[in-house]
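Reproduced below: data_36.txt, with compact mmCIF, C-alpha atoms.
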```txt
# COMPACT_ATOMS: atom_id res chain seq x y z
CA MET Q 1 40.31 232.16 -41.02
CA GLN Q 2 39.70 232.24 -44.78
CA SER Q 3 39.89 228.81 -46.36
CA LEU Q 4 41.95 227.82 -49.38
CA LYS Q 5 40.05 226.52 -52.40
CA PHE Q 6 41.86 224.72 -55.21
CA THR Q 7 40.49 225.65 -58.63
CA GLY Q 8 42.74 223.76 -61.05
CA GLU Q 9 45.67 221.36 -61.28
CA SER Q 10 48.27 220.35 -63.88
CA SER Q 11 51.68 218.67 -63.86
CA SER Q 12 54.80 219.11 -66.00
CA ASN Q 13 58.60 219.29 -65.78
CA GLY Q 14 58.79 217.63 -62.38
CA MET Q 15 56.28 219.81 -60.55
CA VAL Q 16 52.57 219.98 -59.84
CA GLU Q 17 50.84 223.34 -60.37
CA ARG Q 18 47.66 224.00 -58.37
CA ASP Q 19 45.65 227.19 -58.75
CA PHE Q 20 43.86 228.37 -55.63
CA THR Q 21 41.93 231.21 -54.07
CA VAL Q 22 41.93 232.49 -50.50
CA GLY Q 23 38.87 234.70 -50.24
CA GLU Q 24 38.98 236.83 -53.39
CA VAL Q 25 42.76 236.56 -53.83
CA PRO Q 26 44.00 234.16 -56.55
CA GLY Q 27 47.25 232.27 -56.17
CA VAL Q 28 49.26 229.29 -57.37
CA LEU Q 29 51.05 226.55 -55.44
CA TRP Q 30 53.85 224.58 -57.09
CA SER Q 31 54.96 221.30 -55.47
CA PRO Q 32 57.28 218.38 -56.30
CA ALA Q 33 55.64 215.95 -58.71
CA SER Q 34 57.12 213.07 -56.72
CA GLY Q 35 54.53 213.67 -54.02
CA ALA Q 36 57.21 213.28 -51.35
CA GLY Q 37 56.40 214.01 -47.72
CA ARG Q 38 56.13 217.35 -45.97
CA ALA Q 39 58.50 220.05 -47.22
CA PRO Q 40 59.22 223.72 -46.42
CA LEU Q 41 57.28 226.50 -48.11
CA VAL Q 42 58.77 229.43 -50.03
CA LEU Q 43 56.50 232.40 -50.69
CA MET Q 44 57.37 234.39 -53.82
CA GLY Q 45 56.38 237.98 -54.58
CA HIS Q 46 56.13 239.00 -58.23
CA GLY Q 47 57.30 242.27 -59.75
CA GLY Q 48 55.29 245.35 -60.64
CA GLY Q 49 53.11 245.06 -63.73
CA THR Q 50 53.37 241.25 -63.77
CA HIS Q 51 51.44 238.44 -62.09
CA LYS Q 52 51.71 235.14 -60.23
CA LYS Q 53 52.54 233.05 -63.33
CA TRP Q 54 54.90 235.52 -65.03
CA PRO Q 55 57.78 233.60 -66.68
CA ALA Q 56 60.22 234.76 -63.99
CA MET Q 57 57.92 233.30 -61.33
CA THR Q 58 57.48 229.94 -63.03
CA GLY Q 59 61.21 229.72 -63.76
CA ARG Q 60 62.22 230.47 -60.17
CA ALA Q 61 59.54 228.12 -58.88
CA HIS Q 62 60.86 225.29 -61.06
CA ARG Q 63 64.36 225.72 -59.63
CA LEU Q 64 63.07 225.82 -56.06
CA VAL Q 65 60.77 222.82 -56.51
CA THR Q 66 63.06 220.54 -58.54
CA GLY Q 67 66.37 221.78 -57.14
CA GLY Q 68 65.37 222.13 -53.49
CA GLY Q 69 62.23 220.09 -52.99
CA PHE Q 70 60.25 223.09 -51.75
CA HIS Q 71 56.61 224.03 -52.10
CA VAL Q 72 56.35 227.49 -53.71
CA ALA Q 73 53.35 229.81 -53.51
CA VAL Q 74 52.61 233.10 -55.27
CA ILE Q 75 49.51 235.30 -55.01
CA ASP Q 76 48.52 238.13 -57.32
CA ALA Q 77 49.27 241.49 -55.73
CA PRO Q 78 46.44 244.04 -55.52
CA GLY Q 79 45.63 245.45 -58.96
CA HIS Q 80 47.71 242.77 -60.71
CA GLY Q 81 47.03 239.56 -62.61
CA GLY Q 82 43.44 238.46 -62.15
CA ARG Q 83 42.59 241.25 -59.71
CA PRO Q 84 40.72 244.46 -60.59
CA ARG Q 85 42.40 247.84 -60.32
CA THR Q 86 41.05 250.56 -58.06
CA ALA Q 87 40.82 254.21 -59.07
CA TYR Q 88 44.00 254.81 -57.05
CA ASP Q 89 45.78 252.02 -58.93
CA GLU Q 90 44.85 253.64 -62.25
CA GLN Q 91 45.98 257.06 -61.00
CA GLU Q 92 49.41 255.82 -59.95
CA ILE Q 93 49.95 253.75 -63.08
CA ALA Q 94 49.12 256.80 -65.20
CA ALA Q 95 51.59 258.86 -63.16
CA LEU Q 96 54.29 256.24 -63.80
CA TYR Q 97 53.66 256.30 -67.56
CA ARG Q 98 53.81 260.11 -67.58
CA ALA Q 99 57.15 260.10 -65.76
CA ARG Q 100 58.51 257.45 -68.12
CA ALA Q 101 57.36 259.34 -71.22
CA ALA Q 102 58.91 262.57 -69.94
CA GLY Q 103 62.21 260.90 -69.11
CA GLU Q 104 61.76 261.72 -65.43
CA PRO Q 105 62.82 259.46 -62.54
CA GLU Q 106 60.33 256.67 -61.92
CA GLY Q 107 61.44 256.04 -58.36
CA PRO Q 108 59.22 258.57 -56.55
CA VAL Q 109 56.09 257.13 -58.15
CA VAL Q 110 57.09 253.47 -57.75
CA VAL Q 111 58.15 253.88 -54.12
CA ARG Q 112 54.92 255.66 -53.20
CA TYR Q 113 52.64 253.27 -55.08
CA ASN Q 114 54.39 250.11 -53.90
CA ALA Q 115 54.17 251.27 -50.28
CA HIS Q 116 50.41 251.58 -50.78
CA LEU Q 117 50.24 248.12 -52.34
CA ALA Q 118 52.21 246.64 -49.45
CA GLU Q 119 49.65 247.94 -46.94
CA ARG Q 120 46.99 245.98 -48.81
CA ALA Q 121 49.10 242.92 -49.66
CA VAL Q 122 50.69 242.09 -46.29
CA PRO Q 123 47.42 240.99 -44.62
CA GLU Q 124 46.49 239.08 -47.78
CA TRP Q 125 49.79 237.22 -47.67
CA GLN Q 126 49.29 236.41 -43.99
CA ALA Q 127 45.80 235.04 -44.72
CA ALA Q 128 47.21 232.96 -47.58
CA LEU Q 129 49.98 231.62 -45.35
CA ASP Q 130 47.44 230.70 -42.67
CA ALA Q 131 45.49 228.71 -45.26
CA LEU Q 132 48.55 227.09 -46.87
CA GLN Q 133 49.80 225.88 -43.52
CA GLU Q 134 46.55 223.96 -43.09
CA LEU Q 135 47.63 221.66 -45.93
CA PRO Q 136 49.15 218.40 -44.62
CA GLU Q 137 52.07 218.59 -47.06
CA ILE Q 138 53.09 221.99 -45.60
CA GLY Q 139 51.88 222.11 -42.00
CA ALA Q 140 51.93 224.84 -39.39
CA GLU Q 141 55.31 223.92 -37.89
CA GLY Q 142 57.43 223.96 -41.03
CA PRO Q 143 59.88 226.75 -41.90
CA VAL Q 144 58.84 229.45 -44.38
CA GLY Q 145 61.00 231.49 -46.74
CA TYR Q 146 60.25 234.54 -48.86
CA PHE Q 147 61.71 235.37 -52.30
CA GLY Q 148 60.81 238.64 -54.01
CA LEU Q 149 62.63 241.27 -56.08
CA ASN Q 150 61.42 244.71 -57.21
CA MET Q 151 57.82 245.08 -56.01
CA GLY Q 152 58.26 241.68 -54.40
CA THR Q 153 60.74 243.37 -52.07
CA ALA Q 154 58.47 246.37 -51.44
CA ILE Q 155 55.83 243.93 -50.18
CA GLY Q 156 58.17 241.30 -48.74
CA VAL Q 157 60.14 243.54 -46.38
CA PRO Q 158 57.09 244.69 -44.38
CA LEU Q 159 55.68 241.15 -44.57
CA ALA Q 160 58.85 239.61 -43.12
CA ALA Q 161 58.95 242.29 -40.43
CA ALA Q 162 55.33 241.57 -39.47
CA ASP Q 163 55.27 237.77 -39.62
CA PRO Q 164 57.72 235.71 -37.52
CA ARG Q 165 56.86 232.56 -39.48
CA ILE Q 166 59.19 233.78 -42.24
CA THR Q 167 62.69 232.67 -41.24
CA ALA Q 168 64.84 233.54 -44.29
CA ALA Q 169 64.39 235.91 -47.23
CA VAL Q 170 65.82 236.90 -50.60
CA PHE Q 171 65.22 240.57 -51.47
CA GLY Q 172 66.64 243.14 -53.87
CA ILE Q 173 66.31 245.62 -56.74
CA PHE Q 174 64.49 248.34 -54.82
CA TRP Q 175 64.98 251.83 -53.38
CA HIS Q 176 65.71 252.34 -49.68
CA GLU Q 177 63.48 255.37 -49.04
CA SER Q 178 60.29 253.58 -47.97
CA LEU Q 179 61.86 250.40 -46.59
CA ALA Q 180 64.98 251.26 -44.57
CA GLU Q 181 63.20 251.80 -41.25
CA THR Q 182 61.27 248.54 -41.62
CA ALA Q 183 64.42 246.70 -42.71
CA LYS Q 184 65.97 247.61 -39.36
CA GLN Q 185 63.42 245.27 -37.73
CA ILE Q 186 64.49 242.26 -39.80
CA THR Q 187 67.01 239.94 -38.13
CA ILE Q 188 66.48 236.76 -40.17
CA PRO Q 189 69.10 235.72 -42.75
CA VAL Q 190 68.89 237.83 -45.91
CA GLU Q 191 70.34 237.44 -49.39
CA PHE Q 192 70.17 240.74 -51.28
CA VAL Q 193 70.42 241.20 -55.05
CA LEU Q 194 71.59 244.50 -56.55
CA GLN Q 195 72.18 245.50 -60.17
CA TRP Q 196 75.33 247.64 -60.30
CA ASP Q 197 74.28 249.51 -63.45
CA ASP Q 198 70.57 249.89 -62.63
CA GLU Q 199 69.19 252.81 -64.66
CA HIS Q 200 66.27 253.37 -62.27
CA ILE Q 201 67.59 252.67 -58.77
CA PRO Q 202 70.72 254.60 -57.75
CA ARG Q 203 73.44 252.26 -56.56
CA GLU Q 204 73.68 254.19 -53.28
CA SER Q 205 69.97 253.64 -52.61
CA GLY Q 206 70.22 249.89 -53.06
CA LEU Q 207 73.31 249.71 -50.88
CA ALA Q 208 71.57 251.78 -48.20
CA LEU Q 209 68.69 249.29 -48.11
CA PHE Q 210 71.09 246.35 -47.78
CA ASP Q 211 72.91 248.17 -44.99
CA ALA Q 212 69.64 248.79 -43.11
CA PHE Q 213 68.84 245.11 -42.49
CA ALA Q 214 69.62 244.13 -38.91
CA ALA Q 215 70.37 240.53 -39.85
CA LYS Q 216 73.61 239.10 -38.48
CA GLU Q 217 73.79 236.98 -41.63
CA LYS Q 218 73.20 239.00 -44.77
CA THR Q 219 74.88 238.64 -48.15
CA LEU Q 220 75.08 241.18 -50.96
CA HIS Q 221 75.02 239.91 -54.54
CA ALA Q 222 76.01 242.85 -56.74
CA ASN Q 223 75.84 241.97 -60.42
CA ALA Q 224 76.92 243.97 -63.45
CA GLY Q 225 73.97 244.94 -65.61
CA THR Q 226 70.86 247.08 -65.80
CA HIS Q 227 67.55 246.86 -63.94
CA LYS Q 228 66.15 243.91 -65.90
CA GLU Q 229 69.41 242.02 -66.35
CA VAL Q 230 69.41 240.02 -63.11
CA PRO Q 231 71.42 236.88 -63.91
CA ARG Q 232 69.48 233.64 -63.97
CA PHE Q 233 72.03 232.05 -61.66
CA GLU Q 234 70.63 234.18 -58.83
CA ALA Q 235 67.67 231.80 -58.77
CA ASP Q 236 70.06 228.88 -58.22
CA SER Q 237 71.76 230.85 -55.46
CA ALA Q 238 68.34 231.34 -53.84
CA VAL Q 239 67.79 227.57 -53.88
CA ARG Q 240 71.07 227.04 -52.01
CA PHE Q 241 70.26 229.88 -49.59
CA PHE Q 242 66.87 228.41 -48.69
CA ALA Q 243 68.32 224.90 -48.50
CA ARG Q 244 70.72 226.14 -45.81
CA HIS Q 245 68.10 227.98 -43.80
CA LEU Q 246 64.94 225.93 -44.31
CA GLY Q 247 66.55 222.54 -43.86
CA GLN Q 248 66.38 221.07 -47.36
CA ARG Q 249 69.10 219.59 -49.52
CA ALA Q 250 69.76 221.42 -52.78
CA THR Q 251 70.41 219.41 -55.93
CA SER Q 252 71.35 220.38 -59.48
CA SER Q 253 68.51 222.18 -61.23
CA ALA Q 254 67.01 220.58 -64.28
```
Output the file's structure in the form of structure tokens.
Amino acid sequence: MQSLKFTGESSSNGMVERDFTVGEVPGVLWSPASGAGRAPLVLMGHGGGTHKKWPAMTGRAHRLVTGGGFHVAVIDAPGHGGRPRTAYDEQEIAALYRARAAGEPEGPVVVRYNAHLAERAVPEWQAALDALQELPEIGAEGPVGYFGLNMGTAIGVPLAAADPRITAAVFGIFWHESLAETAKQITIPVEFVLQWDDEHIPRESGLALFDAFAAKEKTLHANAGTHKEVPRFEADSAVRFFARHLGQRATSSA
């Protein structure tokens, strides 16, 4: 098993931020500043073209840590953040920019490229989870959640299907084409976020992905707005969702 190495620590706004590496993969772990006892872990997947400390990640982490008492971990996806890009990464990113410049649909490129990234990222996430569960404040027996939209869903769906340690998940804002068959394997509780006016993902595609999950408890949150207009209150909803399923008690977010 690859060990976790902490490389930096800071504290602000009610949470402790610790940078770490597992092998060559960099990550960050946010925890309650109170230093309270063992608490559940929520893994978060970031979106395409961003990184582990993107403002959306730190904002969601703050709500989960201060509003739910969770530990929250994010790792940089392959070719993102502090990780080098491969020739294939560069090829697919160039293809995305060409499609965008030509006014062509981005979906075919994003779906293909994110499926490739997921193949690389799932074992990295499992190695990171192995290492995180060695920490006494997390432990191997505690429940684990996953929260990821956009590319975070492209990676999170196959991760949740492959790893039974994940017992509840928040997904959304992605096409069904590459994920529907895998979603059929997922029976854990799911909260799914969809933007009704998404200019990139056809409404029918998002609904088809939601429909594919085999979970007996799954909830659709369909919000008015375009691709990048996910309401901030969805993060608070995620806190309540994980509090129900990971055994914590949600409080008002700061």
Query raised in the report: Residues at most 8 Å from segment 52-64 of chain Q, counting all atoms listed in the file, excluding those fewer than 3 positions away in the same chain, as a list in words?
Result: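 Non-adjacent residues within range: Asn13, Met15, Gly27, Val28, Trp30, Met44, Gly45, His46, Gly67, Gly68, Gly69, Phe70, His71, Val72, Val74, Ile75, Asp76, Gly81, Ala235, Asp236, Ala238, Val239, Ser253 and Ala254 of chain Q.
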Query raised in the report: So which one's closest to Val111 of chain Q, Q:Pro78, Q:Gly48, Q:Gly247, Q:Gly145? Using all atoms listed in the file, please.
Result: Q:Gly48
**Report entry** Selection: 7 Å around segment 19-21 of chain Q, all atoms listed in the file, excl. self and same-chain fewer than 5 positions, as a ChimeraX atom specification
**Finding:** /Q:4-9,26-29
Selection from above, C-alpha atoms, as a JSON list (two decimals), in the coordinates of the input, can you write it?
```json
[["chain", "number", "residue", "atom", "x", "y", "z"],
["Q", 4, "LEU", "CA", 41.95, 227.82, -49.38],
["Q", 5, "LYS", "CA", 40.05, 226.52, -52.40],
["Q", 6, "PHE", "CA", 41.86, 224.72, -55.21],
["Q", 7, "THR", "CA", 40.49, 225.65, -58.63],
["Q", 8, "GLY", "CA", 42.74, 223.76, -61.05],
["Q", 9, "GLU", "CA", 45.67, 221.36, -61.28],
["Q", 26, "PRO", "CA", 44.00, 234.16, -56.55],
["Q", 27, "GLY", "CA", 47.25, 232.27, -56.17],
["Q", 28, "VAL", "CA", 49.26, 229.29, -57.37],
["Q", 29, "LEU", "CA", 51.05, 226.55, -55.44]]
```
Requested in this report: Check the smallest atom-to-atom distance from each of Q:Pro40, Q:Gly79, Q:Gly47, Q:Gly107 to Met151 of chain Q using all atoms listed in the file, then report the winner.
Outcome: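 Going through Q:Pro40, Q:Gly79, Q:Gly47, Q:Gly107 one by one, the smallest distance to Met151 of chain Q is for Q:Gly47.
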Query raised in the report: Nearest to Gly139 of chain Q among Q:Ile93, Q:Arg165, Q:Ile173, Q:Pro123, with distances taken over all atoms listed in the file: which residue is it?
Result: Q:Arg165
Query raised in the report: What lies within 9 Å of segment 190-193 of chain Q using only C-alpha atoms, ignoring chain neighbours under 3 positions off, as a count of residues only?
Result: 25
Query raised in the report: Hey, what's within 8 Å of Ala160 of chain Q if we count all atoms listed in the file and toss same-chain stuff fewer than 3 positions away? As a list in words, please?
Result: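 Using all atoms listed in the file, the neighbours found are Tyr146, Gly156, Val157, Asp163, Pro164, Ile166, Ala169 and Ile186 of chain Q.
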May I have the residues from that selection written out with C-alpha atoms, as an mmCIF file, in the coordinates of the input?
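After the write, again-v7.cif holds the following:
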```cif
data_model
loop_
_atom_site.group_PDB
_atom_site.id
_atom_site.type_symbol
_atom_site.label_atom_id
_atom_site.label_comp_id
_atom_site.auth_asym_id
_atom_site.auth_seq_id
_atom_site.Cartn_x
_atom_site.Cartn_y
_atom_site.Cartn_z
ATOM 1 C CA TYR Q 146 60.250 234.540 -48.860
ATOM 2 C CA GLY Q 156 58.170 241.300 -48.740
ATOM 3 C CA VAL Q 157 60.140 243.540 -46.380
ATOM 4 C CA ASP Q 163 55.270 237.770 -39.620
ATOM 5 C CA PRO Q 164 57.720 235.710 -37.520
ATOM 6 C CA ILE Q 166 59.190 233.780 -42.240
ATOM 7 C CA ALA Q 169 64.390 235.910 -47.230
ATOM 8 C CA ILE Q 186 64.490 242.260 -39.800
#
```
**Report entry** Shortest interatomic distance to Ile188 of chain Q - which of Q:Lys228, Q:Trp175, Q:Leu246, Q:Arg38, counting all atoms listed in the file
**Finding:**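 With all atoms listed in the file as the atom set, the closest residue is Q:Leu246.
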**Report entry** Residues within 9 Å of His176 of chain Q, all atoms listed in the file, excluding chain neighbours under 2 positions, as a PyMOL selection string
**Finding:** chain Q and resi 111+174+178-181+204-210+212
**Report entry** Nearest to Ile201 of chain Q, chosen from Q:Arg244, Q:Pro105, Q:Arg112, Q:Leu135, with all atoms listed in the file counted in the distances
**Finding:**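 Of Q:Arg244, Q:Pro105, Q:Arg112, Q:Leu135, the one nearest Ile201 of chain Q is Q:Pro105, counting all atoms listed in the file.
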Query raised in the report: Restricting the calculation to all atoms listed in the file, which member of Q:Asn150, Q:Gln185, Q:Gln91, Q:Ser11 is positioned closest to Val109 of chain Q?
Result: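 Nearest to Val109 of chain Q: Q:Gln91.
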Query - Distance of atom CA of Trp125 of chain Q from atom CA of Pro84 of chain Q, expressed in Å to one decimal place - result: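 Atom CA of Trp125 of chain Q lies at a distance of 17.4 Å from atom CA of Pro84 of chain Q.
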Query raised in the report: What does the distance between atom CA of Glu106 of chain Q and atom CA of Gln195 of chain Q come to in Å, to one decimal place?
Result: 16.4 Å
Query raised in the report: Could you work out how far atom CA of Ser34 of chain Q lies from atom CA of Arg240 of chain Q, giving the answer in Å with one decimal?
Result: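 Distance between the two atoms: 20.3 Å.
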